[in-house]
file protein_6.pdb (PDB, C-alpha atoms, pLDDT in the B column)
ATOM      1  CA  MET R 276     116.310 116.462 112.175  1.00 66.00           C
ATOM      2  CA  GLN R 277     113.772 115.963 114.965  1.00 73.00           C
ATOM      3  CA  LEU R 278     110.044 115.362 114.912  1.00 70.00           C
ATOM      4  CA  ASN R 279     108.056 118.132 116.588  1.00 78.00           C
ATOM      5  CA  ASN R 280     105.046 116.309 118.050  1.00 78.00           C
ATOM      6  CA  LYS R 281     102.754 119.355 118.224  1.00 83.00           C
ATOM      7  CA  TRP R 282     103.233 120.308 114.572  1.00 82.00           C
ATOM      8  CA  PHE R 283     103.163 116.693 113.443  1.00 78.00           C
ATOM      9  CA  LEU R 284      99.804 116.056 115.114  1.00 79.00           C
ATOM     10  CA  THR R 285      98.411 119.252 113.566  1.00 82.00           C
ATOM     11  CA  TYR R 286      99.703 118.128 110.192  1.00 80.00           C
ATOM     12  CA  LYS R 287      98.145 114.664 110.609  1.00 77.00           C
ATOM     13  CA  LEU R 288      94.779 116.222 111.520  1.00 78.00           C
ATOM     14  CA  PHE R 289      94.666 118.239 108.299  1.00 78.00           C
ATOM     15  CA  ASN R 290      96.162 115.342 106.355  1.00 75.00           C
ATOM     16  CA  SER R 291      93.387 113.009 107.487  1.00 75.00           C
ATOM     17  CA  ALA R 292      90.739 115.582 106.610  1.00 73.00           C
ATOM     18  CA  PHE R 293      92.255 116.090 103.160  1.00 73.00           C
ATOM     19  CA  THR R 294      92.564 112.346 102.561  1.00 72.00           C
ATOM     20  CA  GLY R 295      88.956 111.726 103.546  1.00 69.00           C
ATOM     21  CA  LEU R 296      87.770 114.577 101.354  1.00 67.00           C
ATOM     22  CA  SER R 297      89.791 113.533  98.318  1.00 65.00           C
ATOM     23  CA  VAL R 298      88.874 109.844  98.545  1.00 65.00           C
ATOM     24  CA  GLY R 299      85.238 110.708  99.229  1.00 63.00           C
ATOM     25  CA  ILE R 300      85.113 112.930  96.161  1.00 61.00           C
ATOM     26  CA  LEU R 301      86.591 110.214  93.946  1.00 60.00           C
ATOM     27  CA  PHE R 302      84.114 107.582  95.116  1.00 60.00           C
ATOM     28  CA  THR R 303      81.155 109.973  94.869  1.00 58.00           C
ATOM     29  CA  ILE R 304      81.909 111.084  91.315  1.00 58.00           C
ATOM     30  CA  TYR R 305      82.392 107.618  89.850  1.00 60.00           C
ATOM     31  CA  ASN R 306      80.064 104.635  89.769  1.00 61.00           C
ATOM     32  CA  PRO R 307      79.974 102.295  92.745  1.00 67.00           C
ATOM     33  CA  LEU R 308      82.738  99.719  92.687  1.00 64.00           C
ATOM     34  CA  ASP R 309      82.108  96.008  92.406  1.00 67.00           C
ATOM     35  CA  PRO R 310      82.787  93.886  95.517  1.00 65.00           C
ATOM     36  CA  GLU R 311      85.486  92.022  93.574  1.00 66.00           C
ATOM     37  CA  ILE R 312      87.498  95.232  93.330  1.00 65.00           C
ATOM     38  CA  TYR R 313      87.309  95.746  97.094  1.00 64.00           C
ATOM     39  CA  SER R 314      88.423  92.151  97.696  1.00 72.00           C
ATOM     40  CA  LEU R 315      91.292  92.352  95.226  1.00 76.00           C
ATOM     41  CA  GLY R 316      92.346  95.739  96.605  1.00 72.00           C
ATOM     42  CA  GLY R 317      92.406  94.352 100.144  1.00 73.00           C
ATOM     43  CA  ILE R 318      94.569  91.414  99.106  1.00 81.00           C
ATOM     44  CA  ILE R 319      97.006  93.685  97.260  1.00 84.00           C
ATOM     45  CA  LEU R 320      97.139  96.111 100.196  1.00 80.00           C
ATOM     46  CA  ALA R 321      97.796  93.312 102.698  1.00 82.00           C
ATOM     47  CA  SER R 322     100.545  91.872 100.495  1.00 86.00           C
ATOM     48  CA  ALA R 323     102.153  95.282 100.078  1.00 86.00           C
ATOM     49  CA  MET R 324     102.087  95.840 103.847  1.00 84.00           C
ATOM     50  CA  LEU R 325     103.896  92.529 104.398  1.00 84.00           C
ATOM     51  CA  VAL R 326     106.600  93.593 101.950  1.00 86.00           C
ATOM     52  CA  LEU R 327     106.807  97.003 103.628  1.00 81.00           C
ATOM     53  CA  ALA R 328     107.218  95.368 107.042  1.00 81.00           C
ATOM     54  CA  LYS R 329     110.470  93.820 105.800  1.00 82.00           C
ATOM     55  CA  PHE R 330     111.948  97.319 105.485  1.00 81.00           C
ATOM     56  CA  TYR R 331     110.820  98.784 108.830  1.00 78.00           C
ATOM     57  CA  GLU R 332     114.359  98.968 110.163  1.00 78.00           C
ATOM     58  CA  LYS R 333     115.432 101.231 107.300  1.00 76.00           C
ATOM     59  CA  LEU R 334     112.179 103.208 107.243  1.00 74.00           C
ATOM     60  CA  LEU R 335     112.027 104.027 110.928  1.00 77.00           C
ATOM     61  CA  ASN R 336     114.277 107.045 110.833  1.00 82.00           C
ATOM     62  CA  ILE R 337     113.152 110.638 110.511  1.00 79.00           C
ATOM     63  CA  LYS R 338     114.589 111.384 107.061  1.00 82.00           C
ATOM     64  CA  SER R 339     113.006 108.348 105.426  1.00 80.00           C
ATOM     65  CA  PHE R 340     109.734 109.048 107.231  1.00 79.00           C
ATOM     66  CA  TYR R 341     109.711 112.644 105.974  1.00 81.00           C
ATOM     67  CA  PHE R 342     110.494 111.597 102.390  1.00 85.00           C
ATOM     68  CA  ILE R 343     107.772 108.936 102.350  1.00 81.00           C
ATOM     69  CA  SER R 344     105.228 111.327 103.875  1.00 81.00           C
ATOM     70  CA  VAL R 345     105.936 113.982 101.249  1.00 83.00           C
ATOM     71  CA  LEU R 346     105.770 111.377  98.472  1.00 87.00           C
ATOM     72  CA  VAL R 347     102.373 110.120  99.668  1.00 82.00           C
ATOM     73  CA  GLU R 348     101.049 113.682  99.935  1.00 81.00           C
ATOM     74  CA  ALA R 349     102.246 114.481  96.419  1.00 85.00           C
ATOM     75  CA  CYS R 350     100.561 111.351  95.029  1.00 83.00           C
ATOM     76  CA  MET R 351      97.258 112.263  96.670  1.00 78.00           C
ATOM     77  CA  LEU R 352      97.451 115.850  95.440  1.00 80.00           C
ATOM     78  CA  ILE R 353      98.193 114.711  91.886  1.00 84.00           C
ATOM     79  CA  THR R 354      95.270 112.270  92.042  1.00 77.00           C
ATOM     80  CA  VAL R 355      92.888 115.013  93.147  1.00 74.00           C
ATOM     81  CA  LEU R 356      94.147 117.431  90.488  1.00 80.00           C
ATOM     82  CA  VAL R 357      93.962 114.861  87.668  1.00 80.00           C
ATOM     83  CA  PHE R 358      90.467 113.621  88.489  1.00 70.00           C
TER      84      PHE R 358
END
call {"tool": "encode", "arguments": {"input": "protein_6.pdb", "output": "structure tokens"}}
result
Amino acid sequence: MQLNNKWFLTYKLFNSAFTGLSVGILFTIYNPLDPEIYSLGGIILASAMLVLAKFYEKLLNIKSFYFISVLVEACMLITVLVF
């Protein structure tokens, strides 16, 4: 399995547009969030990224990358469909 750069960049362009649209819709529909939620979310995200960095060696191959990308896309699609 090889990564085709042209198709991957096209995919990432549409992925970013979809992510921005879906997150924007969720934050527009619901009430504004408290600053505490942003702070707590940032701390959790930073902690999760440190844990993820421990597994870079295993994650940096094309099959794992593809699986994780599809999993993230499915989670975002489910979130948009549910809300």
call {"tool": "resolve_selection", "arguments": {"input": "protein_6.pdb", "expression": "the PyMOL selection byres ((chain R and resi 335-344) around 12)", "output": "list in words"}}
result
Met276, Gln277, Leu278, Asn279, Phe283, Tyr286, Lys287, Asn290, Leu327, Ala328, Lys329, Phe330, Tyr331, Glu332, Lys333, Leu334, Val345, Leu346, Val347, Glu348, Ala349, Cys350 and Met351 of chain R
call {"tool": "write_last_selection", "arguments": {"input": "protein_6.pdb", "atoms": "C-alpha atoms", "output": "compact mmCIF listing (two decimals), in the coordinates of the input"}}
result
# COMPACT_ATOMS: atom_id res chain seq x y z
CA MET R 276 116.31 116.46 112.18
CA GLN R 277 113.77 115.96 114.96
CA LEU R 278 110.04 115.36 114.91
CA ASN R 279 108.06 118.13 116.59
CA PHE R 283 103.16 116.69 113.44
CA TYR R 286 99.70 118.13 110.19
CA LYS R 287 98.14 114.66 110.61
CA ASN R 290 96.16 115.34 106.36
CA LEU R 327 106.81 97.00 103.63
CA ALA R 328 107.22 95.37 107.04
CA LYS R 329 110.47 93.82 105.80
CA PHE R 330 111.95 97.32 105.48
CA TYR R 331 110.82 98.78 108.83
CA GLU R 332 114.36 98.97 110.16
CA LYS R 333 115.43 101.23 107.30
CA LEU R 334 112.18 103.21 107.24
CA VAL R 345 105.94 113.98 101.25
CA LEU R 346 105.77 111.38 98.47
CA VAL R 347 102.37 110.12 99.67
CA GLU R 348 101.05 113.68 99.94
CA ALA R 349 102.25 114.48 96.42
CA CYS R 350 100.56 111.35 95.03
CA MET R 351 97.26 112.26 96.67
call {"tool": "axis_aligned_box", "arguments": {"input": "protein_6.pdb", "around": "range 345-358 of chain R", "padding_each_side": "6 Å", "output": "JSON"}}
result
{"center_x": 98.2, "center_y": 113.8, "center_z": 94.5, "size_x": 27.5, "size_y": 19.3, "size_z": 25.6}
call {"tool": "atom_distance", "arguments": {"input": "protein_6.pdb", "atom1": "CA of Ile319 in chain R", "atom2": "CA of Phe289 in chain R"}}
result
27.0 Å
call {"tool": "closest_residue", "arguments": {"input": "protein_6.pdb", "among": "R:Ile318, R:Thr294, R:Asn280, R:Val326", "to": "Thr354 in chain R", "atoms": "all atoms listed in the file"}}
result
R:Thr294
call {"tool": "atom_distance", "arguments": {"input": "protein_6.pdb", "atom1": "CA of Thr285 in chain R", "atom2": "CA of Phe358 in chain R"}}
result
26.9 Å
